[in-house]
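This is data.txt. It holds compact mmCIF, C-alpha atoms and all ligand atoms.
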# COMPACT_ATOMS: atom_id res chain seq x y z
CA MET A 1 121.09 49.11 185.36
CA SER A 2 118.94 52.21 185.17
CA THR A 3 115.54 52.79 186.68
CA PHE A 4 114.01 51.62 183.41
CA LYS A 5 113.67 48.33 181.62
CA ALA A 6 112.65 47.33 178.12
CA PRO A 7 108.81 47.12 178.11
CA LYS A 8 107.20 43.74 178.75
CA GLY A 9 107.33 41.47 175.73
CA THR A 10 110.24 43.34 174.13
CA TYR A 11 113.98 42.94 174.18
CA ASP A 12 116.98 44.90 173.01
CA LEU A 13 119.47 43.83 170.41
CA THR A 14 122.95 44.53 171.67
CA PRO A 15 126.41 43.63 170.40
CA PRO A 16 127.69 41.04 169.79
CA ASP A 17 124.31 39.25 169.24
CA SER A 18 122.88 42.13 167.24
CA ALA A 19 125.30 41.27 164.41
CA LYS A 20 123.49 37.98 164.01
CA TYR A 21 120.16 39.76 163.55
CA LEU A 22 121.62 42.03 160.92
CA ALA A 23 123.03 39.02 159.09
CA VAL A 24 119.67 37.24 159.24
CA ARG A 25 117.83 40.28 157.88
CA GLU A 26 120.38 40.51 155.13
CA ALA A 27 120.07 36.82 154.26
CA LEU A 28 116.26 36.90 154.25
CA SER A 29 116.14 39.88 151.91
CA ALA A 30 119.05 38.95 149.61
CA PRO A 31 117.00 36.64 147.34
CA LEU A 32 114.37 39.39 146.91
CA LYS A 33 116.92 42.02 145.89
CA ASN A 34 118.17 39.50 143.38
CA SER A 35 114.72 38.90 141.90
CA GLY A 36 113.40 42.30 140.92
CA TYR A 37 111.92 43.41 144.25
CA GLY A 38 112.39 47.12 145.06
CA TYR A 39 112.79 48.41 148.60
CA ILE A 40 109.86 50.17 150.26
CA GLU A 41 109.61 51.79 153.68
CA THR A 42 106.41 52.97 155.29
CA PRO A 43 105.67 54.67 158.64
CA GLY A 44 105.56 52.67 161.86
CA PHE A 45 101.96 53.78 162.41
CA GLU A 46 98.91 54.13 160.18
CA ASP A 47 95.24 55.06 160.36
CA VAL A 48 93.59 52.40 162.56
CA ALA A 49 90.93 51.85 159.91
CA LEU A 50 93.53 50.66 157.39
CA PHE A 51 94.11 47.60 159.55
CA SER A 52 90.57 47.06 160.76
CA ARG A 53 89.38 47.06 157.16
CA GLY A 54 92.41 45.37 155.65
CA VAL A 55 93.42 42.75 158.20
CA GLY A 56 89.83 42.33 159.43
CA GLU A 57 87.72 43.27 162.47
CA SER A 58 87.24 39.63 163.38
CA THR A 59 90.94 38.77 163.63
CA ASP A 60 92.82 38.60 166.92
CA ILE A 61 95.37 41.00 165.48
CA VAL A 62 92.78 43.77 165.08
CA SER A 63 90.33 42.96 167.87
CA LYS A 64 92.85 42.29 170.65
CA GLU A 65 96.42 43.00 169.67
CA MET A 66 96.67 46.47 168.17
CA TYR A 67 98.45 49.31 169.93
CA THR A 68 96.11 52.17 169.17
CA LEU A 69 96.39 55.81 170.11
CA THR A 70 94.57 59.07 169.61
CA THR A 71 96.88 61.91 168.64
CA LYS A 72 96.63 65.39 170.09
CA GLY A 73 95.06 66.34 166.76
CA GLY A 74 92.38 63.68 167.21
CA SER A 75 93.58 61.11 164.65
CA GLU A 76 93.11 57.45 165.47
CA LEU A 77 96.36 55.66 164.73
CA ALA A 78 97.73 52.18 165.31
CA LEU A 79 101.30 50.96 165.53
CA ARG A 80 101.54 48.65 162.55
CA PRO A 81 100.80 45.03 163.49
CA GLU A 82 101.85 43.79 160.03
CA GLY A 83 103.17 45.14 156.75
CA THR A 84 100.90 44.12 153.91
CA ALA A 85 98.11 46.68 154.38
CA SER A 86 100.66 49.50 154.78
CA VAL A 87 102.68 48.50 151.74
CA LEU A 88 99.60 48.25 149.56
CA ARG A 89 98.34 51.59 150.88
CA ALA A 90 101.69 53.19 150.06
CA ALA A 91 101.88 51.61 146.59
CA LEU A 92 98.39 52.89 145.76
CA GLU A 93 99.17 56.33 147.16
CA ALA A 94 102.30 56.57 145.01
CA ASN A 95 100.43 55.15 142.00
CA LEU A 96 103.11 52.53 141.58
CA HIS A 97 100.55 50.31 139.88
CA LYS A 98 100.11 52.91 137.14
CA LEU A 99 103.74 53.84 136.60
CA GLY A 100 105.11 50.68 135.10
CA ASN A 101 104.34 47.11 134.35
CA LEU A 102 102.54 44.91 136.78
CA PRO A 103 103.29 43.27 139.06
CA VAL A 104 104.88 45.87 141.30
CA LYS A 105 107.34 43.85 143.37
CA LEU A 106 108.37 45.31 146.72
CA TRP A 107 110.32 44.20 149.77
CA TYR A 108 110.57 45.67 153.24
CA SER A 109 112.07 45.13 156.65
CA GLY A 110 111.13 46.61 159.96
CA SER A 111 109.49 46.56 163.36
CA TYR A 112 105.93 45.39 164.01
CA TYR A 113 103.85 45.59 167.16
CA ARG A 114 101.24 43.24 168.59
CA TYR A 115 99.87 43.26 172.10
CA GLU A 116 100.19 39.50 172.54
CA ARG A 117 100.80 37.39 175.61
CA PRO A 118 104.60 37.21 175.58
CA GLN A 119 106.35 33.87 175.48
CA LYS A 120 109.40 32.44 173.77
CA GLY A 121 109.18 33.39 170.10
CA ARG A 122 106.20 35.68 170.65
CA TYR A 123 106.97 39.30 171.36
CA ARG A 124 105.14 42.58 171.44
CA HIS A 125 107.78 44.17 169.27
CA PHE A 126 109.26 41.96 166.57
CA SER A 127 110.95 42.24 163.27
CA GLN A 128 109.95 41.00 159.81
CA VAL A 129 111.38 40.92 156.34
CA GLY A 130 108.51 40.97 153.86
CA ALA A 131 107.73 40.88 150.17
CA GLU A 132 104.64 41.88 148.22
CA ALA A 133 103.99 41.35 144.50
CA ILE A 134 101.10 43.60 143.60
CA GLY A 135 98.76 43.53 140.63
CA ALA A 136 99.14 40.16 138.95
CA GLU A 137 97.24 36.93 139.10
CA ASP A 138 99.88 34.43 138.10
CA PRO A 139 100.63 31.17 139.87
CA ALA A 140 104.30 31.62 138.98
CA LEU A 141 104.36 34.65 141.25
CA ASP A 142 103.03 32.66 144.20
CA ALA A 143 105.60 29.97 143.42
CA GLU A 144 108.40 32.53 143.08
CA LEU A 145 107.78 33.90 146.55
CA ILE A 146 107.72 30.47 148.18
CA ILE A 147 110.88 29.47 146.32
CA LEU A 148 112.66 32.66 147.43
CA ALA A 149 111.75 32.16 151.09
CA ASP A 150 112.92 28.56 150.87
CA GLN A 151 116.19 29.79 149.35
CA ALA A 152 116.60 32.41 152.09
CA TYR A 153 116.22 29.87 154.88
CA ARG A 154 118.52 27.43 153.14
CA THR A 155 121.33 29.94 152.62
CA LEU A 156 121.23 30.46 156.37
CA GLY A 157 121.75 26.72 156.74
CA LEU A 158 118.30 25.90 158.13
CA GLN A 159 117.05 22.40 157.45
CA ASN A 160 114.33 21.51 159.93
CA PHE A 161 111.60 23.68 158.48
CA ARG A 162 108.55 22.62 156.51
CA ILE A 163 106.38 24.45 154.03
CA LEU A 164 102.63 24.10 154.59
CA LEU A 165 100.45 24.94 151.60
CA ASN A 166 96.74 25.46 151.16
CA SER A 167 94.20 27.25 149.00
CA LEU A 168 91.47 29.30 150.65
CA GLY A 169 89.40 29.68 147.50
CA ASP A 170 88.10 32.96 146.14
CA LYS A 171 85.03 35.14 146.43
CA GLU A 172 83.05 32.65 144.35
CA CYS A 173 83.68 29.43 146.19
CA ARG A 174 84.67 30.42 149.71
CA PRO A 175 81.25 31.79 150.74
CA VAL A 176 79.65 28.48 149.73
CA TYR A 177 82.17 26.63 151.88
CA ARG A 178 81.73 29.09 154.71
CA ASP A 179 77.99 28.42 154.80
CA ALA A 180 78.53 24.67 154.84
CA LEU A 181 81.12 24.95 157.59
CA GLN A 182 78.91 27.22 159.70
CA GLU A 183 76.08 24.76 159.40
CA PHE A 184 78.35 21.96 160.59
CA LEU A 185 79.86 23.97 163.45
CA ARG A 186 76.49 25.12 164.82
CA GLU A 187 75.65 21.51 165.63
CA LEU A 188 78.72 21.10 167.89
CA ASP A 189 79.07 21.51 171.64
CA LEU A 190 81.20 24.64 171.89
CA ASP A 191 81.79 27.44 174.39
CA GLU A 192 80.33 30.91 174.02
CA ASP A 193 83.47 32.47 172.54
CA THR A 194 83.86 29.82 169.91
CA ARG A 195 80.17 30.07 169.03
CA ARG A 196 80.66 33.76 168.36
CA ARG A 197 83.58 32.89 166.14
CA ILE A 198 81.33 30.66 164.03
CA ASP A 199 79.49 33.78 162.91
CA LEU A 200 82.50 36.06 162.62
CA ASN A 201 85.21 33.84 161.24
CA PRO A 202 84.24 30.17 161.06
CA LEU A 203 87.47 29.11 159.33
CA ARG A 204 89.40 30.14 162.43
CA VAL A 205 87.50 27.56 164.47
CA LEU A 206 89.32 24.88 162.46
CA ASP A 207 92.52 26.34 163.85
CA ASP A 208 91.44 25.74 167.48
CA LYS A 209 94.14 23.59 169.02
CA ARG A 210 92.12 22.34 172.04
CA PRO A 211 91.60 18.57 171.92
CA GLU A 212 87.93 18.83 172.95
CA VAL A 213 87.33 21.04 169.91
CA GLN A 214 89.57 19.09 167.53
CA LYS A 215 87.73 15.89 168.45
CA GLN A 216 84.46 17.38 167.26
CA LEU A 217 85.93 18.71 164.06
CA VAL A 218 86.43 15.26 162.60
CA GLY A 219 84.19 15.09 159.57
CA ALA A 220 83.97 18.87 159.13
CA PRO A 221 83.55 19.91 155.50
CA VAL A 222 86.94 20.66 153.92
CA LEU A 223 87.56 23.59 151.65
CA ARG A 224 89.28 21.44 149.05
CA ASP A 225 85.97 19.84 148.18
CA TYR A 226 84.41 23.25 147.58
CA LEU A 227 87.10 24.94 145.47
CA CYS A 228 85.78 26.19 142.13
CA ASP A 229 87.46 25.01 138.94
CA ALA A 230 89.46 28.21 138.52
CA CYS A 231 90.84 28.00 142.08
CA LYS A 232 91.61 24.32 141.68
CA ALA A 233 93.51 24.89 138.44
CA TYR A 234 95.39 27.82 139.95
CA HIS A 235 96.42 25.80 142.97
CA GLU A 236 97.51 22.85 140.87
CA GLU A 237 99.75 25.15 138.85
CA VAL A 238 101.38 26.57 141.99
CA ARG A 239 102.01 23.06 143.27
CA ASP A 240 103.47 21.92 139.94
CA LEU A 241 105.82 24.89 139.77
CA LEU A 242 107.07 24.25 143.30
CA THR A 243 107.64 20.61 142.53
CA ALA A 244 109.48 21.49 139.32
CA ALA A 245 111.72 23.81 141.37
CA GLY A 246 112.51 20.99 143.77
CA VAL A 247 110.76 22.70 146.68
CA VAL A 248 109.16 20.20 149.01
CA TYR A 249 105.86 21.24 150.61
CA GLU A 250 103.04 19.63 152.54
CA ASP A 251 99.39 20.10 151.67
CA ASP A 252 97.65 21.36 154.80
CA GLU A 253 93.95 21.88 154.31
CA LYS A 254 93.62 23.18 157.88
CA LEU A 255 95.97 26.10 157.26
CA VAL A 256 93.80 29.22 157.50
CA ARG A 257 96.18 31.92 158.88
CA GLY A 258 95.23 34.75 161.19
CA LEU A 259 94.49 37.53 158.73
CA ASP A 260 91.24 37.99 156.80
CA TYR A 261 92.59 39.21 153.48
CA TYR A 262 93.78 35.89 152.12
CA THR A 263 92.34 34.28 149.01
CA ARG A 264 93.57 31.20 147.16
CA THR A 265 97.22 30.38 147.93
CA THR A 266 98.22 30.46 151.60
CA PHE A 267 101.37 29.05 153.08
CA GLU A 268 103.37 28.94 156.26
CA PHE A 269 106.97 28.04 157.04
CA VAL A 270 107.14 26.14 160.31
CA HIS A 271 110.26 25.14 162.17
CA ASP A 272 110.20 21.97 164.21
CA GLY A 273 112.60 23.20 166.90
CA LEU A 274 110.53 26.12 168.14
CA GLY A 275 107.72 24.65 170.23
CA SER A 276 104.35 26.34 170.05
CA GLN A 277 105.48 29.49 168.19
CA SER A 278 106.68 27.45 165.27
CA ALA A 279 105.82 29.70 162.31
CA VAL A 280 109.00 31.36 161.10
CA GLY A 281 107.14 32.93 158.19
CA GLY A 282 103.88 32.99 156.33
CA GLY A 283 101.92 34.57 153.57
CA GLY A 284 99.60 34.13 150.69
CA ARG A 285 97.48 35.71 148.02
CA TYR A 286 95.21 38.65 148.81
CA ASP A 287 93.28 39.39 145.65
CA GLY A 288 90.60 41.51 147.32
CA LEU A 289 92.62 43.65 149.72
CA SER A 290 93.14 46.59 147.39
CA GLU A 291 89.39 46.99 146.91
CA MET A 292 88.84 46.55 150.64
CA ILE A 293 90.94 49.66 151.28
CA GLY A 294 89.37 51.70 148.49
CA GLY A 295 91.71 50.88 145.61
CA PRO A 296 91.21 49.25 142.22
CA ALA A 297 91.22 45.49 141.71
CA LEU A 298 94.84 44.42 142.17
CA PRO A 299 95.32 40.72 142.79
CA SER A 300 98.49 40.31 144.84
CA VAL A 301 100.57 37.87 146.82
CA GLY A 302 103.24 38.20 149.50
CA TRP A 303 104.89 36.90 152.63
CA ALA A 304 106.60 38.03 155.80
CA LEU A 305 109.36 36.14 157.55
CA GLY A 306 109.98 36.67 161.26
CA VAL A 307 113.55 37.71 162.00
CA ASP A 308 113.34 36.93 165.74
CA ARG A 309 112.01 33.42 165.14
CA THR A 310 114.51 32.76 162.36
CA VAL A 311 117.29 33.55 164.84
CA LEU A 312 115.68 31.15 167.34
CA ALA A 313 115.48 28.50 164.61
CA LEU A 314 119.20 28.91 163.92
CA GLU A 315 119.89 28.43 167.61
CA ALA A 316 117.62 25.38 167.73
CA GLU A 317 119.64 23.82 164.92
CA GLY A 318 122.94 24.84 166.51
CA ILE A 319 123.92 26.91 163.49
CA GLU A 320 126.59 29.54 164.07
CA LEU A 321 126.61 32.09 161.28
CA GLU A 322 130.05 32.97 160.03
CA LEU A 323 130.13 36.64 160.78
CA PRO A 324 133.20 38.43 159.48
CA SER A 325 134.87 40.52 162.16
CA SER A 326 133.81 44.11 161.79
CA THR A 327 137.28 45.48 162.57
CA SER A 328 140.42 44.65 160.57
CA VAL A 329 142.93 46.89 162.29
CA PHE A 330 143.07 48.05 165.90
CA ALA A 331 145.47 50.87 166.76
CA VAL A 332 147.15 51.06 170.17
CA PRO A 333 149.15 54.23 170.85
CA LEU A 334 151.71 54.46 173.63
CA GLY A 335 151.99 58.10 174.69
CA GLU A 336 150.55 61.42 173.60
CA GLU A 337 152.51 61.88 170.39
CA ALA A 338 151.61 58.34 169.24
CA ARG A 339 147.95 59.06 169.97
CA ARG A 340 147.90 61.89 167.46
CA VAL A 341 149.87 59.99 164.82
CA LEU A 342 147.89 56.73 165.11
CA PHE A 343 144.54 58.50 165.28
CA ALA A 344 145.44 60.11 161.94
CA LYS A 345 146.46 56.69 160.58
CA VAL A 346 143.13 55.19 161.64
CA THR A 347 141.32 57.93 159.75
CA GLU A 348 143.52 57.27 156.72
CA LEU A 349 142.82 53.52 156.90
CA ARG A 350 139.09 54.11 157.15
CA ARG A 351 139.11 56.49 154.21
CA ALA A 352 140.92 53.79 152.25
CA GLY A 353 138.08 51.41 153.08
CA VAL A 354 139.81 49.40 155.81
CA ALA A 355 137.70 48.77 158.93
CA ALA A 356 139.76 50.24 161.75
CA ASP A 357 139.34 51.13 165.41
CA PHE A 358 141.38 52.90 168.04
CA ALA A 359 142.14 52.50 171.73
CA PHE A 360 140.16 55.43 173.06
CA GLY A 361 140.18 56.66 176.61
CA GLY A 362 143.94 56.71 177.12
CA ARG A 363 144.19 53.41 179.02
CA GLY A 364 147.46 51.55 179.50
CA LEU A 365 148.88 49.00 177.10
CA LYS A 366 147.26 46.03 178.83
CA GLY A 367 143.73 47.39 178.67
CA ALA A 368 144.25 48.55 175.10
CA MET A 369 145.46 45.11 174.01
CA LYS A 370 142.39 43.58 175.64
CA SER A 371 140.18 45.85 173.53
CA ALA A 372 142.19 44.91 170.45
CA ASN A 373 141.59 41.23 171.17
CA ARG A 374 137.92 41.71 171.84
CA SER A 375 137.49 43.65 168.60
CA GLY A 376 138.40 40.54 166.63
CA ALA A 377 140.78 42.65 164.53
CA ARG A 378 143.19 40.72 162.34
CA PHE A 379 145.99 43.25 162.95
CA THR A 380 147.05 45.59 165.72
CA VAL A 381 149.22 48.61 165.12
CA VAL A 382 151.26 49.62 168.15
CA ALA A 383 153.53 52.65 168.27
CA GLY A 384 155.52 54.37 171.02
CA GLU A 385 157.98 57.25 171.05
CA ARG A 386 160.92 55.15 169.87
CA ASP A 387 158.94 53.80 166.89
CA LEU A 388 157.88 57.28 165.89
CA ALA A 389 161.48 58.49 166.10
CA ASP A 390 162.33 55.70 163.63
CA GLY A 391 159.33 56.57 161.44
CA VAL A 392 157.73 53.14 161.94
CA VAL A 393 154.85 51.37 163.67
CA GLN A 394 154.69 47.77 164.88
CA LEU A 395 152.20 45.76 162.85
CA LYS A 396 151.14 42.57 164.58
CA ASP A 397 149.26 39.76 162.90
CA MET A 398 146.90 38.53 165.63
CA GLU A 399 146.44 35.16 163.90
CA SER A 400 150.09 34.17 163.47
CA GLY A 401 151.46 36.33 166.29
CA GLU A 402 154.11 37.70 163.93
CA GLN A 403 155.16 41.28 164.38
CA GLN A 404 157.08 43.55 162.02
CA ALA A 405 158.08 47.18 161.84
CA VAL A 406 156.38 48.98 158.96
CA ALA A 407 157.22 52.47 157.75
CA LEU A 408 154.46 54.90 158.74
CA ASP A 409 153.99 55.98 155.14
CA ALA A 410 153.67 52.41 153.92
CA LEU A 411 151.17 51.25 156.57
CA VAL A 412 147.94 51.65 154.62
CA ALA A 413 149.29 49.93 151.51
CA GLU A 414 150.88 47.15 153.59
CA VAL A 415 147.64 46.43 155.47
CA GLN A 416 145.58 46.51 152.27
CA GLN A 417 147.95 44.04 150.66
CA LYS A 418 147.86 41.67 153.65
CA LEU A 419 144.06 41.78 153.82
CA ALA A 420 143.58 41.20 150.09
P1 LIG B 1 101.99 36.75 160.04
O1 LIG B 1 101.85 35.29 159.87
O2 LIG B 1 101.07 37.41 160.98
O3 LIG B 1 101.81 37.35 158.58
O4 LIG B 1 103.47 37.11 160.45
C1 LIG B 1 104.57 36.64 159.69
C2 LIG B 1 105.67 36.14 160.61
O5 LIG B 1 106.05 37.16 161.54
C3 LIG B 1 105.28 34.97 161.48
O6 LIG B 1 105.39 33.76 160.78
C4 LIG B 1 106.30 35.07 162.60
O7 LIG B 1 107.53 34.49 162.21
C5 LIG B 1 106.48 36.56 162.74
N1 LIG B 1 105.67 37.04 163.89
C6 LIG B 1 104.37 37.36 163.89
N2 LIG B 1 103.97 37.75 165.12
C7 LIG B 1 105.06 37.66 165.92
C8 LIG B 1 105.32 37.94 167.30
N3 LIG B 1 104.36 38.40 168.12
N4 LIG B 1 106.58 37.74 167.77
C9 LIG B 1 107.56 37.29 166.96
N5 LIG B 1 107.38 37.03 165.65
C10 LIG B 1 106.15 37.22 165.13
C11 LIG B 1 101.86 38.66 158.28
O8 LIG B 1 102.27 39.51 159.03
C12 LIG B 1 101.44 38.98 156.85
N6 LIG B 1 101.53 40.44 156.65
C13 LIG B 1 102.31 38.23 155.87
C14 LIG B 1 101.97 38.52 154.44
C15 LIG B 1 102.61 39.35 153.60
N7 LIG B 1 100.93 38.03 153.79
C16 LIG B 1 100.90 38.53 152.56
N8 LIG B 1 101.93 39.35 152.44
Can you present the structure in this file as structure tokens?
Ligand code: HAM
Amino acid sequence: MSTFKAPKGTYDLTPPDSAKYLAVREALSAPLKNSGYGYIETPGFEDVALFSRGVGESTDIVSKEMYTLTTKGGSELALRPEGTASVLRAALEANLHKLGNLPVKLWYSGSYYRYERPQKGRYRHFSQVGAEAIGAEDPALDAELIILADQAYRTLGLQNFRILLNSLGDKECRPVYRDALQEFLRELDLDEDTRRRIDLNPLRVLDDKRPEVQKQLVGAPVLRDYLCDACKAYHEEVRDLLTAAGVVYEDDEKLVRGLDYYTRTTFEFVHDGLGSQSAVGGGGRYDGLSEMIGGPALPSVGWALGVDRTVLALEAEGIELELPSSTSVFAVPLGEEARRVLFAKVTELRRAGVAADFAFGGRGLKGAMKSANRSGARFTVVAGERDLADGVVQLKDMESGEQQAVALDALVAEVQQKLA
């Protein structure tokens, strides 16, 4: 224990658990790499205005949860609370939309920061794997992304998740709905804060979980009844494609999501074993975002999946990922001469592509064997003075317990053959 602790709402990933996080990140991104998405990385902080314009002034994320700072040079920056605005900014800056065919398909993985009230599944520093398909209005693209997320969760073995699907309409039909909803909400008995929200972001009021609010929302106008023909047809096509792919989803007309840039398709992946922080991922279409941040019209769609919550979902379902041991061979020298010889052998093994480790620190045999066990290595190589005099090492198979003398020169080949 030092004087310091991880800041409130954050936690460290340490071995052996950290291996699970790496495996989850890998599993969540694997379907994207396999489907034409290229990797993109952007800075951990951006101009504050990118988020206030992109994600929206009226959202909790921007109005309450951003970590903002003023640099010594006077720039107003924010630690990124999400990835979509940054990725689109970067794609526009690099002119990716002009270089090749649209859509530009990108994936990313990294840390995000929100000053939220910490609780299980809700952290101030968390990790996402995300995907953005920029510059095409095609229901197949929306369907592709939902199918790939479904595939990612399934390859991890998750079963108790559901896909919620909705359409938020576009710039033609949503304003008409918004007016109708505002009119309805203004008649209700609501607190000051919620009244303010009616003006700023009335759709979010539908999201209010409090029973006294929900009770009054019965009979509220629903967006579905206001969708224009183009939005309706688009949504039908997305639904048909999902059904054809065998992906089961639930229509959820109350799904509004906490970011302002969404248009048309929105979706969320919720896991039933996580309590109140049940969204393991979410996303949707954002046809107007590019213009909102000063770019050309580039209709786009994307999602982000939460790595932390996916790990919690695995735990909730009792799923143990099969993580291959990271070390195949552990070398235990007995004596100074053996140290030099085995250290050289470890280097040779590593250069030959075999994962190998060494008993550092010059402890006795007992301690070294403990480390060998803990490493999960399939083989240990032990050598003392007598072995070296005979030109051999003792190769022990930790699974079968069998031990054999192997000529020093033949060790690498022998191990490679046994591991193959
Ligand atoms: P989001 O719904 O805000 O969407 O976040 C996506 C996922 O990140 C959530 O479903 C959740 O799993 C995880 N997450 C969010 N906040 C926290 C937190 N405080 N602690 C732990 N996990 C968290 C977005 O971020 C959009 N950029 C998604 C998107 C991409 N839309 C279009 N493209």
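Nearest residue to ligand LIG 1 (chain B) among A:Glu337, A:Glu57, A:Glu317, A:Asp142 is A:Asp142, counting all atoms listed in the file.
Rounded to one decimal, CA of Leu188 in chain A and atom P1 of ligand LIG 1 (chain B) lie 29.1 Å from each other.
Our summary of the geometry notes that CA of Gln128 in chain A is positioned 12.0 Å from CA of Gly283 in chain A.
Each of A:Leu223, A:Leu289, A:Leu388, A:Ala407 was checked against ligand LIG 1 (chain B) using only C-alpha atoms and all ligand atoms; the smallest atom-to-atom distance is that of A:Leu289.
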Within 8 Å of ligand LIG 1 (chain B), counting all atoms listed in the file, residues as a PDB file with C-alpha atoms, keeping the file's coordinate frame:
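File produced: selection07.pdb:
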ATOM      1  CA  PRO A  81     100.800  45.030 163.490  1.00  0.00           C
ATOM      2  CA  GLU A  82     101.850  43.790 160.030  1.00  0.00           C
ATOM      3  CA  GLY A  83     103.170  45.140 156.750  1.00  0.00           C
ATOM      4  CA  THR A  84     100.900  44.120 153.910  1.00  0.00           C
ATOM      5  CA  ALA A  85      98.110  46.680 154.380  1.00  0.00           C
ATOM      6  CA  TYR A 112     105.930  45.390 164.010  1.00  0.00           C
ATOM      7  CA  TYR A 113     103.850  45.590 167.160  1.00  0.00           C
ATOM      8  CA  ARG A 114     101.240  43.240 168.590  1.00  0.00           C
ATOM      9  CA  TYR A 115      99.870  43.260 172.100  1.00  0.00           C
ATOM     10  CA  GLU A 116     100.190  39.500 172.540  1.00  0.00           C
ATOM     11  CA  PRO A 118     104.600  37.210 175.580  1.00  0.00           C
ATOM     12  CA  GLY A 121     109.180  33.390 170.100  1.00  0.00           C
ATOM     13  CA  ARG A 122     106.200  35.680 170.650  1.00  0.00           C
ATOM     14  CA  TYR A 123     106.970  39.300 171.360  1.00  0.00           C
ATOM     15  CA  ARG A 124     105.140  42.580 171.440  1.00  0.00           C
ATOM     16  CA  HIS A 125     107.780  44.170 169.270  1.00  0.00           C
ATOM     17  CA  PHE A 126     109.260  41.960 166.570  1.00  0.00           C
ATOM     18  CA  SER A 127     110.950  42.240 163.270  1.00  0.00           C
ATOM     19  CA  GLN A 128     109.950  41.000 159.810  1.00  0.00           C
ATOM     20  CA  GLY A 130     108.510  40.970 153.860  1.00  0.00           C
ATOM     21  CA  ALA A 131     107.730  40.880 150.170  1.00  0.00           C
ATOM     22  CA  GLU A 132     104.640  41.880 148.220  1.00  0.00           C
ATOM     23  CA  ARG A 257      96.180  31.920 158.880  1.00  0.00           C
ATOM     24  CA  GLY A 258      95.230  34.750 161.190  1.00  0.00           C
ATOM     25  CA  LEU A 259      94.490  37.530 158.730  1.00  0.00           C
ATOM     26  CA  TYR A 262      93.780  35.890 152.120  1.00  0.00           C
ATOM     27  CA  GLU A 268     103.370  28.940 156.260  1.00  0.00           C
ATOM     28  CA  PHE A 269     106.970  28.040 157.040  1.00  0.00           C
ATOM     29  CA  VAL A 270     107.140  26.140 160.310  1.00  0.00           C
ATOM     30  CA  GLN A 277     105.480  29.490 168.190  1.00  0.00           C
ATOM     31  CA  SER A 278     106.680  27.450 165.270  1.00  0.00           C
ATOM     32  CA  ALA A 279     105.820  29.700 162.310  1.00  0.00           C
ATOM     33  CA  VAL A 280     109.000  31.360 161.100  1.00  0.00           C
ATOM     34  CA  GLY A 281     107.140  32.930 158.190  1.00  0.00           C
ATOM     35  CA  GLY A 282     103.880  32.990 156.330  1.00  0.00           C
ATOM     36  CA  GLY A 283     101.920  34.570 153.570  1.00  0.00           C
ATOM     37  CA  GLY A 284      99.600  34.130 150.690  1.00  0.00           C
ATOM     38  CA  ARG A 285      97.480  35.710 148.020  1.00  0.00           C
ATOM     39  CA  TYR A 286      95.210  38.650 148.810  1.00  0.00           C
ATOM     40  CA  VAL A 301     100.570  37.870 146.820  1.00  0.00           C
ATOM     41  CA  GLY A 302     103.240  38.200 149.500  1.00  0.00           C
ATOM     42  CA  TRP A 303     104.890  36.900 152.630  1.00  0.00           C
ATOM     43  CA  ALA A 304     106.600  38.030 155.800  1.00  0.00           C
ATOM     44  CA  LEU A 305     109.360  36.140 157.550  1.00  0.00           C
ATOM     45  CA  GLY A 306     109.980  36.670 161.260  1.00  0.00           C
ATOM     46  CA  VAL A 307     113.550  37.710 162.000  1.00  0.00           C
ATOM     47  CA  ASP A 308     113.340  36.930 165.740  1.00  0.00           C
ATOM     48  CA  ARG A 309     112.010  33.420 165.140  1.00  0.00           C
ATOM     49  CA  THR A 310     114.510  32.760 162.360  1.00  0.00           C
TER      50      THR A 310
END
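Counting all atoms listed in the file and comparing A:Leu274, A:Leu145, A:Leu32, A:Cys173, the residue that lies closest to Leu227 in chain A is A:Cys173.
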Practice item. Work out how far apart CA of Asp47 in chain A and CA of Val104 in chain A are and give it in Å to one decimal. Key: 23.3 Å
**Study point:** Among the residues A:Thr347, A:Asn160, A:Ser300, A:Thr263, the one that comes closest to Leu314 in chain A [using all atoms listed in the file]
**Key:** A:Asn160
Exercise for review: Tell me which of A:Gly74, A:Gly335, A:Gly219, A:Pro324 sits closest to Arg363 in chain A, counting only C-alpha atoms.
Suggested key: A:Gly335
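For the choices A:Ala413, A:Arg25, A:Thr3, A:Gly157, the atom-to-atom distance to Gly318 in chain A is smallest for A:Gly157 when using all atoms listed in the file.
Neighbours of Val176 in chain A closer than or equal to 12 Å, with only C-alpha atoms counted and sequence neighbours fewer than 2 positions away skipped, come out as A:Leu168, A:Gly169, A:Asp170, A:Lys171, A:Glu172, A:Cys173, A:Arg174, A:Arg178, A:Asp179, A:Ala180, A:Leu181, A:Gln182, A:Glu183, A:Pro221, A:Val222, A:Leu223, A:Arg224, A:Asp225, A:Tyr226, A:Leu227, A:Cys228.
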Practice item. Please identify all polymer residues lying at most 9 Å from the point (116.2, 36.6, 148.7) (file coordinates), using only C-alpha atoms, and present the result as a ChimeraX atom specification. Key: /A:26-35,148-152
Check your understanding: In file coordinates, which residues lie within 10 Å of (125.1, 34.3, 163.3) using all atoms listed in the file, given as a PyMOL selection string?
Key -> chain A and resi 16-24+156+311+314-315+319-324
